[in-house]
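Heads up, data_27.cif below (mmCIF, C-alpha atoms):
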```cif
data_run
loop_
_atom_site.group_PDB
_atom_site.id
_atom_site.type_symbol
_atom_site.label_atom_id
_atom_site.label_comp_id
_atom_site.auth_asym_id
_atom_site.auth_seq_id
_atom_site.Cartn_x
_atom_site.Cartn_y
_atom_site.Cartn_z
ATOM 1 C CA MET A 29 -154.654 4.550 72.779
ATOM 2 C CA ASN A 30 -151.077 5.489 73.737
ATOM 3 C CA SER A 31 -151.264 8.310 76.264
ATOM 4 C CA SER A 32 -147.624 9.235 75.617
ATOM 5 C CA ALA A 33 -148.260 10.069 71.951
ATOM 6 C CA GLY A 34 -146.746 13.392 70.998
ATOM 7 C CA LEU A 35 -144.454 13.692 74.048
ATOM 8 C CA THR A 36 -140.726 14.160 73.592
ATOM 9 C CA ALA A 37 -139.518 13.355 77.087
ATOM 10 C CA PRO A 38 -136.409 11.085 77.160
ATOM 11 C CA HIS A 39 -136.799 7.375 77.868
ATOM 12 C CA ILE A 40 -135.762 6.072 81.279
ATOM 13 C CA SER A 41 -133.820 2.939 80.464
ATOM 14 C CA SER A 42 -133.866 1.656 84.036
ATOM 15 C CA THR A 43 -137.624 1.126 83.916
ATOM 16 C CA PRO A 44 -138.318 -2.566 83.095
ATOM 17 C CA LEU A 45 -141.664 -1.770 81.480
ATOM 18 C CA GLU A 46 -140.162 0.497 78.808
ATOM 19 C CA ALA A 47 -141.833 -1.477 76.027
ATOM 20 C CA PRO A 48 -141.756 1.450 73.537
ATOM 21 C CA LEU A 49 -137.988 0.913 73.228
ATOM 22 C CA PHE A 50 -138.666 -2.339 71.378
ATOM 23 C CA LEU A 51 -140.507 -0.664 68.502
ATOM 24 C CA GLN A 52 -138.914 2.766 68.743
ATOM 25 C CA PRO A 53 -136.156 2.123 66.148
ATOM 26 C CA VAL A 54 -138.770 0.986 63.627
ATOM 27 C CA TRP A 55 -140.957 3.972 64.379
ATOM 28 C CA ASP A 56 -138.012 6.394 64.194
ATOM 29 C CA LEU A 57 -137.146 5.011 60.759
ATOM 30 C CA MET A 58 -140.727 5.478 59.601
ATOM 31 C CA ARG A 59 -140.828 9.036 60.957
ATOM 32 C CA SER A 60 -137.700 9.812 58.956
ATOM 33 C CA LYS A 61 -139.728 8.969 55.832
ATOM 34 C CA GLN A 62 -142.712 11.125 56.740
ATOM 35 C CA GLY A 63 -142.629 13.014 53.467
ATOM 36 C CA TRP A 64 -143.430 9.836 51.516
ATOM 37 C CA LEU A 65 -145.669 8.227 54.143
ATOM 38 C CA LYS A 66 -147.858 11.344 54.282
ATOM 39 C CA SER A 67 -148.146 11.708 50.515
ATOM 40 C CA PRO A 68 -151.453 10.875 48.758
ATOM 41 C CA PHE A 69 -149.630 8.241 46.697
ATOM 42 C CA PHE A 70 -148.442 6.137 49.634
ATOM 43 C CA PRO A 71 -151.731 4.492 50.710
ATOM 44 C CA VAL A 72 -152.506 3.132 47.226
ATOM 45 C CA THR A 73 -148.910 2.103 46.522
ATOM 46 C CA PHE A 74 -148.623 0.462 49.928
ATOM 47 C CA ALA A 75 -151.960 -1.358 49.707
ATOM 48 C CA LEU A 76 -151.343 -2.628 46.195
ATOM 49 C CA GLY A 77 -147.715 -3.563 46.900
ATOM 50 C CA VAL A 78 -148.505 -5.501 50.079
ATOM 51 C CA TYR A 79 -151.446 -7.252 48.427
ATOM 52 C CA MET A 80 -149.489 -8.361 45.367
ATOM 53 C CA ALA A 81 -146.510 -9.422 47.508
ATOM 54 C CA PHE A 82 -148.764 -11.667 49.603
ATOM 55 C CA CYS A 83 -150.449 -13.090 46.508
ATOM 56 C CA LEU A 84 -147.206 -13.844 44.682
ATOM 57 C CA PRO A 85 -146.183 -16.998 46.629
ATOM 58 C CA PHE A 86 -149.631 -18.521 46.085
ATOM 59 C CA VAL A 87 -149.562 -17.579 42.390
ATOM 60 C CA ILE A 88 -146.257 -19.460 42.069
ATOM 61 C CA LEU A 89 -147.780 -22.445 43.895
ATOM 62 C CA ASP A 90 -150.781 -22.402 41.554
ATOM 63 C CA LEU A 91 -148.474 -22.420 38.531
ATOM 64 C CA LEU A 92 -146.500 -25.334 39.977
ATOM 65 C CA ALA A 93 -149.443 -27.328 41.330
ATOM 66 C CA THR A 94 -150.227 -28.965 37.997
ATOM 67 C CA ARG A 95 -146.631 -30.205 37.748
ATOM 68 C CA ILE A 96 -145.806 -31.105 41.353
ATOM 69 C CA SER A 97 -148.156 -33.720 42.797
ATOM 70 C CA LEU A 98 -147.080 -32.957 46.382
ATOM 71 C CA LEU A 99 -148.761 -29.548 46.190
ATOM 72 C CA GLN A 100 -152.085 -31.175 45.344
ATOM 73 C CA LYS A 101 -152.047 -32.649 48.854
ATOM 74 C CA TYR A 102 -152.514 -29.161 50.264
ATOM 75 C CA LYS A 103 -155.028 -27.803 47.763
ATOM 76 C CA ILE A 104 -158.549 -27.554 49.156
ATOM 77 C CA GLN A 105 -160.232 -28.154 45.797
ATOM 78 C CA THR A 106 -157.741 -30.404 44.065
ATOM 79 C CA GLN A 107 -159.716 -30.589 40.820
ATOM 80 C CA ASN A 108 -159.531 -26.832 40.195
ATOM 81 C CA ASN A 109 -156.455 -24.916 39.081
ATOM 82 C CA PRO A 110 -156.622 -21.255 38.016
ATOM 83 C CA SER A 111 -155.481 -20.454 34.501
ATOM 84 C CA LEU A 112 -153.257 -17.549 33.505
ATOM 85 C CA ARG A 113 -156.290 -15.903 31.947
ATOM 86 C CA MET A 114 -158.216 -16.105 35.233
ATOM 87 C CA MET A 115 -155.265 -14.647 37.117
ATOM 88 C CA ALA A 116 -154.862 -11.823 34.611
ATOM 89 C CA SER A 117 -158.556 -10.990 34.883
ATOM 90 C CA CYS A 118 -158.273 -10.692 38.678
ATOM 91 C CA VAL A 119 -155.138 -8.538 38.487
ATOM 92 C CA SER A 120 -156.819 -6.283 35.946
ATOM 93 C CA GLN A 121 -159.844 -5.824 38.217
ATOM 94 C CA THR A 122 -157.617 -5.057 41.202
ATOM 95 C CA LEU A 123 -155.597 -2.433 39.302
ATOM 96 C CA TYR A 124 -158.775 -0.844 37.975
ATOM 97 C CA ASN A 125 -160.303 -0.541 41.451
ATOM 98 C CA HIS A 126 -157.143 0.952 42.929
ATOM 99 C CA LEU A 127 -156.606 3.501 40.180
ATOM 100 C CA VAL A 128 -160.201 4.559 39.555
ATOM 101 C CA TYR A 129 -161.701 4.412 43.057
ATOM 102 C CA ILE A 130 -159.149 3.976 45.843
ATOM 103 C CA PHE A 131 -156.611 6.572 44.683
ATOM 104 C CA PRO A 132 -159.126 9.480 44.431
ATOM 105 C CA LEU A 133 -160.434 8.674 47.906
ATOM 106 C CA SER A 134 -156.904 8.429 49.283
ATOM 107 C CA PHE A 135 -156.143 11.824 47.782
ATOM 108 C CA ALA A 136 -159.271 13.315 49.373
ATOM 109 C CA ASN A 137 -158.381 11.762 52.725
ATOM 110 C CA TRP A 138 -154.834 13.160 52.428
ATOM 111 C CA TYR A 139 -156.254 16.633 51.777
ATOM 112 C CA TRP A 140 -158.902 16.692 54.498
ATOM 113 C CA ARG A 141 -157.321 14.536 57.211
ATOM 114 C CA PRO A 142 -153.537 14.885 57.540
ATOM 115 C CA ILE A 143 -151.716 12.105 59.405
ATOM 116 C CA LEU A 144 -150.016 12.925 62.717
ATOM 117 C CA PHE A 145 -146.837 11.074 63.659
ATOM 118 C CA PRO A 146 -146.253 11.094 67.450
ATOM 119 C CA ALA A 147 -142.676 10.952 68.727
ATOM 120 C CA LEU A 148 -142.996 7.712 70.674
ATOM 121 C CA ALA A 149 -143.698 4.240 69.372
ATOM 122 C CA PRO A 150 -146.548 2.217 70.925
ATOM 123 C CA GLU A 151 -145.897 -0.440 73.530
ATOM 124 C CA LEU A 152 -145.725 -3.936 72.041
ATOM 125 C CA PRO A 153 -148.461 -5.456 74.285
ATOM 126 C CA ARG A 154 -150.728 -2.533 73.313
ATOM 127 C CA VAL A 155 -149.999 -3.135 69.638
ATOM 128 C CA LEU A 156 -150.952 -6.806 69.880
ATOM 129 C CA LEU A 157 -154.104 -6.015 71.842
ATOM 130 C CA ASP A 158 -155.177 -3.276 69.424
ATOM 131 C CA ILE A 159 -154.558 -5.412 66.334
ATOM 132 C CA THR A 160 -156.645 -8.210 67.850
ATOM 133 C CA ALA A 161 -159.412 -5.718 68.683
ATOM 134 C CA CYS A 162 -159.327 -4.302 65.140
ATOM 135 C CA LEU A 163 -159.544 -7.796 63.656
ATOM 136 C CA LEU A 164 -162.473 -8.762 65.879
ATOM 137 C CA LEU A 165 -164.310 -5.542 65.039
ATOM 138 C CA PHE A 166 -163.649 -5.972 61.303
ATOM 139 C CA ASP A 167 -164.771 -9.596 61.526
ATOM 140 C CA PHE A 168 -168.113 -8.498 63.016
ATOM 141 C CA GLN A 169 -168.593 -5.700 60.476
ATOM 142 C CA TYR A 170 -167.779 -7.995 57.570
ATOM 143 C CA PHE A 171 -170.075 -10.706 58.926
ATOM 144 C CA VAL A 172 -173.069 -8.322 59.072
ATOM 145 C CA TRP A 173 -172.234 -6.788 55.675
ATOM 146 C CA HIS A 174 -171.701 -10.212 54.110
ATOM 147 C CA LEU A 175 -174.861 -11.738 55.572
ATOM 148 C CA LEU A 176 -176.971 -8.835 54.288
ATOM 149 C CA HIS A 177 -175.468 -9.092 50.814
ATOM 150 C CA HIS A 178 -176.427 -12.752 50.651
ATOM 151 C CA LYS A 179 -179.858 -12.499 52.236
ATOM 152 C CA VAL A 180 -181.037 -9.497 50.187
ATOM 153 C CA PRO A 181 -181.172 -10.618 46.522
ATOM 154 C CA TRP A 182 -180.787 -7.088 45.145
ATOM 155 C CA LEU A 183 -177.627 -6.477 47.172
ATOM 156 C CA TYR A 184 -176.168 -9.781 46.040
ATOM 157 C CA ARG A 185 -176.942 -9.270 42.348
ATOM 158 C CA THR A 186 -175.872 -5.642 42.298
ATOM 159 C CA PHE A 187 -172.756 -5.669 44.459
ATOM 160 C CA HIS A 188 -171.519 -9.028 45.761
ATOM 161 C CA LYS A 189 -172.049 -11.401 42.851
ATOM 162 C CA ALA A 190 -168.803 -10.330 41.170
ATOM 163 C CA HIS A 191 -166.792 -11.713 44.083
ATOM 164 C CA HIS A 192 -168.456 -15.105 43.652
ATOM 165 C CA LYS A 193 -167.418 -15.509 40.043
ATOM 166 C CA TYR A 194 -165.044 -18.277 41.156
ATOM 167 C CA THR A 195 -166.357 -21.118 43.330
ATOM 168 C CA ALA A 196 -162.795 -22.386 43.793
ATOM 169 C CA THR A 197 -160.782 -19.635 45.425
ATOM 170 C CA PHE A 198 -157.202 -18.676 44.589
ATOM 171 C CA ALA A 199 -155.200 -15.815 46.059
ATOM 172 C CA LEU A 200 -155.918 -13.242 43.358
ATOM 173 C CA THR A 201 -159.688 -13.630 43.855
ATOM 174 C CA THR A 202 -159.314 -11.828 47.196
ATOM 175 C CA GLU A 203 -159.916 -8.421 45.618
ATOM 176 C CA HIS A 204 -161.920 -9.550 42.611
ATOM 177 C CA SER A 205 -164.870 -7.348 43.572
ATOM 178 C CA GLY A 206 -166.852 -4.365 42.414
ATOM 179 C CA ALA A 207 -166.239 -0.823 43.584
ATOM 180 C CA TRP A 208 -168.905 -0.858 46.319
ATOM 181 C CA GLU A 209 -167.502 -3.975 47.974
ATOM 182 C CA ILE A 210 -163.894 -2.814 47.803
ATOM 183 C CA LEU A 211 -164.722 0.636 49.158
ATOM 184 C CA SER A 212 -167.165 -0.385 51.907
ATOM 185 C CA LEU A 213 -164.948 -3.141 53.312
ATOM 186 C CA GLY A 214 -161.908 -0.917 52.870
ATOM 187 C CA PHE A 215 -163.734 1.750 54.869
ATOM 188 C CA PHE A 216 -164.217 -0.680 57.776
ATOM 189 C CA ALA A 217 -160.526 -1.591 57.726
ATOM 190 C CA ALA A 218 -159.469 2.054 57.557
ATOM 191 C CA VAL A 219 -161.822 3.465 60.193
ATOM 192 C CA ASN A 220 -161.412 0.777 62.878
ATOM 193 C CA PRO A 221 -157.947 1.908 64.052
ATOM 194 C CA SER A 222 -159.380 5.430 64.396
ATOM 195 C CA ILE A 223 -162.385 4.163 66.352
ATOM 196 C CA LEU A 224 -160.085 2.290 68.713
ATOM 197 C CA ARG A 225 -157.606 5.218 68.820
ATOM 198 C CA CYS A 226 -154.687 3.119 67.647
ATOM 199 C CA HIS A 227 -151.173 4.410 67.114
ATOM 200 C CA PRO A 228 -150.326 4.992 63.398
ATOM 201 C CA LEU A 229 -147.787 2.155 63.541
ATOM 202 C CA THR A 230 -150.439 -0.153 64.950
ATOM 203 C CA ALA A 231 -152.847 0.893 62.200
ATOM 204 C CA MET A 232 -150.269 0.024 59.555
ATOM 205 C CA LEU A 233 -149.499 -3.346 61.144
ATOM 206 C CA PHE A 234 -153.220 -4.120 61.362
ATOM 207 C CA PHE A 235 -153.579 -3.221 57.701
ATOM 208 C CA ILE A 236 -150.765 -5.611 56.748
ATOM 209 C CA CYS A 237 -152.208 -8.356 58.950
ATOM 210 C CA ASN A 238 -155.689 -7.864 57.519
ATOM 211 C CA ILE A 239 -154.434 -8.125 53.932
ATOM 212 C CA TRP A 240 -152.452 -11.273 54.707
ATOM 213 C CA LEU A 241 -155.380 -13.002 56.380
ATOM 214 C CA SER A 242 -157.683 -12.063 53.490
ATOM 215 C CA VAL A 243 -155.246 -13.439 50.915
ATOM 216 C CA GLU A 244 -154.668 -16.607 52.927
ATOM 217 C CA ASP A 245 -158.454 -17.065 53.230
ATOM 218 C CA HIS A 246 -158.741 -17.057 49.439
ATOM 219 C CA SER A 247 -155.517 -18.937 48.728
ATOM 220 C CA GLY A 248 -157.168 -22.312 48.189
ATOM 221 C CA TYR A 249 -154.458 -24.046 50.250
ATOM 222 C CA ASP A 250 -154.542 -25.683 53.677
ATOM 223 C CA PHE A 251 -150.993 -26.066 54.984
ATOM 224 C CA PRO A 252 -149.898 -27.465 58.387
ATOM 225 C CA TRP A 253 -148.750 -23.935 59.285
ATOM 226 C CA SER A 254 -151.906 -22.159 58.102
ATOM 227 C CA THR A 255 -153.332 -19.636 60.569
ATOM 228 C CA HIS A 256 -156.439 -21.651 61.414
ATOM 229 C CA ARG A 257 -154.208 -24.539 62.568
ATOM 230 C CA LEU A 258 -152.233 -22.246 64.864
ATOM 231 C CA VAL A 259 -155.294 -20.772 66.629
ATOM 232 C CA PRO A 260 -156.719 -23.292 69.145
ATOM 233 C CA PHE A 261 -160.272 -24.539 69.757
ATOM 234 C CA GLY A 262 -161.466 -23.928 66.191
ATOM 235 C CA LEU A 263 -161.855 -20.203 66.886
ATOM 236 C CA TYR A 264 -160.399 -19.278 63.514
ATOM 237 C CA GLY A 265 -161.776 -20.689 60.271
ATOM 238 C CA GLY A 266 -159.111 -19.793 57.738
ATOM 239 C CA ALA A 267 -158.958 -20.896 54.116
ATOM 240 C CA PRO A 268 -161.080 -24.089 54.473
ATOM 241 C CA HIS A 269 -163.813 -22.061 56.189
ATOM 242 C CA HIS A 270 -163.967 -19.387 53.495
ATOM 243 C CA ASP A 271 -163.483 -21.781 50.593
ATOM 244 C CA LEU A 272 -166.618 -23.597 51.748
ATOM 245 C CA HIS A 273 -168.480 -20.307 51.553
ATOM 246 C CA HIS A 274 -167.513 -19.908 47.912
ATOM 247 C CA MET A 275 -168.590 -23.487 47.227
ATOM 248 C CA LYS A 276 -171.931 -23.367 49.019
ATOM 249 C CA PHE A 277 -172.784 -19.615 49.229
ATOM 250 C CA LYS A 278 -175.162 -19.964 52.210
ATOM 251 C CA THR A 279 -172.728 -20.685 55.010
ATOM 252 C CA ASN A 280 -169.587 -19.383 56.760
ATOM 253 C CA TYR A 281 -170.135 -15.640 56.308
ATOM 254 C CA ALA A 282 -167.482 -14.402 58.747
ATOM 255 C CA PRO A 283 -164.103 -13.737 57.128
ATOM 256 C CA TYR A 284 -161.820 -14.969 59.887
ATOM 257 C CA PHE A 285 -163.270 -16.164 63.169
ATOM 258 C CA THR A 286 -166.009 -18.735 63.613
ATOM 259 C CA HIS A 287 -168.011 -17.498 66.614
ATOM 260 C CA TRP A 288 -170.600 -15.429 64.707
ATOM 261 C CA ASP A 289 -171.397 -18.238 62.284
ATOM 262 C CA LYS A 290 -171.672 -20.705 65.151
ATOM 263 C CA LEU A 291 -173.944 -18.391 67.150
ATOM 264 C CA LEU A 292 -176.282 -17.744 64.205
ATOM 265 C CA GLY A 293 -176.277 -21.296 62.859
ATOM 266 C CA THR A 294 -174.506 -20.505 59.583
ATOM 267 C CA TYR A 295 -171.341 -22.476 60.359
ATOM 268 C CA THR A 296 -170.437 -25.698 58.604
ATOM 269 C CA THR A 297 -167.401 -27.848 57.869
ATOM 270 C CA ARG A 298 -169.212 -30.201 55.480
ATOM 271 C CA ARG A 299 -167.940 -30.391 51.928
ATOM 272 C CA SER A 300 -170.946 -32.085 50.370
ATOM 273 C CA LYS A 301 -172.399 -30.137 47.465
ATOM 274 C CA SER A 302 -175.911 -30.186 48.889
ATOM 275 C CA GLN A 303 -176.803 -27.338 51.222
#
```
Write-out of the structure in C-alpha cells:
Amino acid sequence: MNSSAGLTAPHISSTPLEAPLFLQPVWDLMRSKQGWLKSPFFPVTFALGVYMAFCLPFVILDLLATRISLLQKYKIQTQNNPSLRMMASCVSQTLYNHLVYIFPLSFANWYWRPILFPALAPELPRVLLDITACLLLFDFQYFVWHLLHHKVPWLYRTFHKAHHKYTATFALTTEHSGAWEILSLGFFAAVNPSILRCHPLTAMLFFICNIWLSVEDHSGYDFPWSTHRLVPFGLYGGAPHHDLHHMKFKTNYAPYFTHWDKLLGTYTTRRSKSQ
C-alpha cells in the first residue's frame, strides 16, 4: 500500500509528514538481516518463537495460580487449572504441526514466492490502519470458517473437535488443533497482508499482533489491562468472550470483535451452563 516501496530517493527532513523516518531504523536493521529473514527456516522459527514467548507468561501464571490466591481473582474459570500433562500435550501438538505441516509449506512458499524488501519503511499511520484492516478481515474470515465448522456436524467432528478438547481455556490451547485448522486459519493470516498490499514490516507486525490476541483469547485470564477492557463500547470480546465459546460451543464464534456475533444473534455474555 506504500507507493514509495522500492525507491531509493533520499529523505527530505524538512517535510513534517516524513513518517517513514520513525520506522526506518527498524526497517534498515531488518533489511541488514535479509539473508536470515528470507530463508525457509525463518517463518517457522519466528512463528513458533513468538507463540511460545507469548504463552510463557500465562504458563507461569497457571503454575502459580494454585499457590497464590490473588491470581484466582483474575481467572475466568476459577475451578479449572491446567496440569503439566495437559500443557505438555498442547506443546507436543504445536511442535508436531509446525514440523510436519507448516515447515514444508513455508519451504514451498520460499521457493515459489521470494520476499521483496523495499528500501523505505512504511508510514506509521499506514501501518496502524493496515494492521486494523488485516485484523478485521481475519475476524470475518474466522467467523465464517468457525460458524461453518460448528453448524456442519461432519466438519466439526473431522476438523474442529480437537480444538474443543478443553472447555476451560489456557494459553497453550491456542494452537491445540488439527492440521486442517492450523493450515486454513494460518492461510487467512498469511494471505490478508498480500490482499491488502501491506508492507512486509506491516505484515510481520500484524502477524505478531494476531498471535498475541489469539493467545490472550485462550489465556483464561481477565485482567484490568486486558485488550477487551481497553477497546471501548464492547467492540472487542477478548478472553471472556472466547472462553464462553469453549464452555457453551454454540455462541461467540468471532475470534476478536463482537459485531458479527451481535448481528447474527450468536453473541452472549451469560455464564450459565444452559444454552
(message) Which residues are near segment 155-161 of chain A? Cut-off 6 Å, only C-alpha atoms, ignore same chain within fewer than 2 positions. Put them as a list in words.
(response)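 My list of contacting residues is Leu152, Pro153, Leu163, Leu164, Thr230 and Phe234 of chain A.
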Could you build a table of the residues in segment 190-230 of chain A lying no more than 12 Å from segment 77-88 of chain A, giving for each the nearest pair of atoms and their separation in Å rounded to one decimal place, using all atoms listed in the file, ordered by chain and ascending residue number, as a tab-separated table?
```
residue	atom	partner	partner_atom	distance
A:Thr197	CA	A:Phe86	CA	11.2
A:Phe198	CA	A:Phe86	CA	7.7
A:Ala199	CA	A:Cys83	CA	5.5
A:Leu200	CA	A:Cys83	CA	6.3
A:Thr201	CA	A:Cys83	CA	9.6
A:Thr202	CA	A:Cys83	CA	9.0
A:Glu203	CA	A:Tyr79	CA	9.0
```
Any chance you can output those residues with C-alpha atoms as a PDB file, keeping the file's coordinate frame?
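Saved as selection-v2.pdb:
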```pdb
ATOM      1  CA  THR A 197    -160.782 -19.635  45.425  1.00  0.00           C
ATOM      2  CA  PHE A 198    -157.202 -18.676  44.589  1.00  0.00           C
ATOM      3  CA  ALA A 199    -155.200 -15.815  46.059  1.00  0.00           C
ATOM      4  CA  LEU A 200    -155.918 -13.242  43.358  1.00  0.00           C
ATOM      5  CA  THR A 201    -159.688 -13.630  43.855  1.00  0.00           C
ATOM      6  CA  THR A 202    -159.314 -11.828  47.196  1.00  0.00           C
ATOM      7  CA  GLU A 203    -159.916  -8.421  45.618  1.00  0.00           C
TER       8      GLU A 203
END
```
Residues of segment 89-138 of chain A at most 10 Å from segment 260-279 of chain A: nearest atom pair and distance in Å, all atoms listed in the file, as JSON lines:
```
{"residue": "A:Lys103", "atom": "CA", "partner": "A:Pro268", "partner_atom": "CA", "distance": 9.8}
{"residue": "A:Ile104", "atom": "CA", "partner": "A:Pro268", "partner_atom": "CA", "distance": 6.8}
{"residue": "A:Gln105", "atom": "CA", "partner": "A:Asp271", "partner_atom": "CA", "distance": 8.6}
```
Write the residues you've just listed into a file as an mmCIF file, in the frame of the given file, and include C-alpha atoms for each of them.
```
data_model
loop_
_atom_site.group_PDB
_atom_site.id
_atom_site.type_symbol
_atom_site.label_atom_id
_atom_site.label_comp_id
_atom_site.auth_asym_id
_atom_site.auth_seq_id
_atom_site.Cartn_x
_atom_site.Cartn_y
_atom_site.Cartn_z
ATOM 1 C CA LYS A 103 -155.028 -27.803 47.763
ATOM 2 C CA ILE A 104 -158.549 -27.554 49.156
ATOM 3 C CA GLN A 105 -160.232 -28.154 45.797
#
```
(message) Given all atoms listed in the file as the basis, pick out the residue of A:His174, A:His256, A:Leu229, A:His191 nearest to Thr286 of chain A.
(response) A:His256
(request) Select, from A:Trp55, A:Tyr284, A:Phe187, A:Phe235, the residue with the minimum atom-to-atom distance to Thr255 of chain A, counting all atoms listed in the file. (result)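 Comparing A:Trp55, A:Tyr284, A:Phe187, A:Phe235 against Thr255 of chain A, the winner is A:Tyr284.
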(request) Give me the residues within 12 Å of Val54 of chain A as a list in words, counting only C-alpha atoms and dropping any in the same chain fewer than 2 places off. (result)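 The filter keeps Pro48, Leu49, Phe50, Leu51, Gln52, Asp56, Leu57, Met58, Arg59, Ser60, Lys61, Ala147, Leu148, Ala149, Pro150, Leu152, Leu229, Thr230 and Leu233 of chain A.
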Determine, for each residue of segment 90-185 of chain A having at least one atom at most 10 Å from an atom of segment 64-69 of chain A, the closest pair of atoms and their separation in Å to one decimal, counting only C-alpha atoms; order by chain and ascending number, as a Markdown table.
```
| residue | atom | partner | partner_atom | distance |
| --- | --- | --- | --- | --- |
| A:Phe131 | CA | A:Phe69 | CA | 7.5 |
| A:Pro132 | CA | A:Pro68 | CA | 8.9 |
| A:Leu133 | CA | A:Pro68 | CA | 9.3 |
| A:Ser134 | CA | A:Pro68 | CA | 6.0 |
| A:Phe135 | CA | A:Pro68 | CA | 4.9 |
| A:Ala136 | CA | A:Pro68 | CA | 8.2 |
| A:Asn137 | CA | A:Pro68 | CA | 8.0 |
| A:Trp138 | CA | A:Pro68 | CA | 5.5 |
| A:Tyr139 | CA | A:Pro68 | CA | 8.1 |
| A:Pro142 | CA | A:Lys66 | CA | 7.4 |
| A:Ile143 | CA | A:Lys66 | CA | 6.5 |
| A:Leu144 | CA | A:Lys66 | CA | 8.8 |
| A:Phe145 | CA | A:Lys66 | CA | 9.4 |
```
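Atom to atom, atom CA of Trp182 of chain A and atom CA of Ser205 of chain A stand 16.0 Å apart.
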Could you tell me which residues the PyMOL selection byres ((chain A and resi 292) around 12) returns for this structure, as a JSON list (two decimals) with C-alpha atoms, keeping the file's coordinate frame?
```
[["chain", "number", "residue", "atom", "x", "y", "z"],
["A", 171, "PHE", "CA", -170.08, -10.71, 58.93],
["A", 172, "VAL", "CA", -173.07, -8.32, 59.07],
["A", 175, "LEU", "CA", -174.86, -11.74, 55.57],
["A", 279, "THR", "CA", -172.73, -20.68, 55.01],
["A", 280, "ASN", "CA", -169.59, -19.38, 56.76],
["A", 281, "TYR", "CA", -170.14, -15.64, 56.31],
["A", 282, "ALA", "CA", -167.48, -14.40, 58.75],
["A", 286, "THR", "CA", -166.01, -18.74, 63.61],
["A", 287, "HIS", "CA", -168.01, -17.50, 66.61],
["A", 288, "TRP", "CA", -170.60, -15.43, 64.71],
["A", 289, "ASP", "CA", -171.40, -18.24, 62.28],
["A", 290, "LYS", "CA", -171.67, -20.70, 65.15],
["A", 291, "LEU", "CA", -173.94, -18.39, 67.15],
["A", 293, "GLY", "CA", -176.28, -21.30, 62.86],
["A", 294, "THR", "CA", -174.51, -20.50, 59.58],
["A", 295, "TYR", "CA", -171.34, -22.48, 60.36],
["A", 296, "THR", "CA", -170.44, -25.70, 58.60]]
```
(request) I need the residue set behind the PyMOL selection byres ((chain A and resi 110) around 9) for this file; please write it as a PyMOL selection string. (result) chain A and resi 90-91+108-109+111-115+196-198
Convert the current residue selection to file output with C-alpha atoms, as a PDB file, in the frame of the given file.
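Output contents, as saved in again_3.pdb:
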```
ATOM      1  CA  ASP A  90    -150.781 -22.402  41.554  1.00  0.00           C
ATOM      2  CA  LEU A  91    -148.474 -22.420  38.531  1.00  0.00           C
ATOM      3  CA  ASN A 108    -159.531 -26.832  40.195  1.00  0.00           C
ATOM      4  CA  ASN A 109    -156.455 -24.916  39.081  1.00  0.00           C
ATOM      5  CA  SER A 111    -155.481 -20.454  34.501  1.00  0.00           C
ATOM      6  CA  LEU A 112    -153.257 -17.549  33.505  1.00  0.00           C
ATOM      7  CA  ARG A 113    -156.290 -15.903  31.947  1.00  0.00           C
ATOM      8  CA  MET A 114    -158.216 -16.105  35.233  1.00  0.00           C
ATOM      9  CA  MET A 115    -155.265 -14.647  37.117  1.00  0.00           C
ATOM     10  CA  ALA A 196    -162.795 -22.386  43.793  1.00  0.00           C
ATOM     11  CA  THR A 197    -160.782 -19.635  45.425  1.00  0.00           C
ATOM     12  CA  PHE A 198    -157.202 -18.676  44.589  1.00  0.00           C
TER      13      PHE A 198
END
```
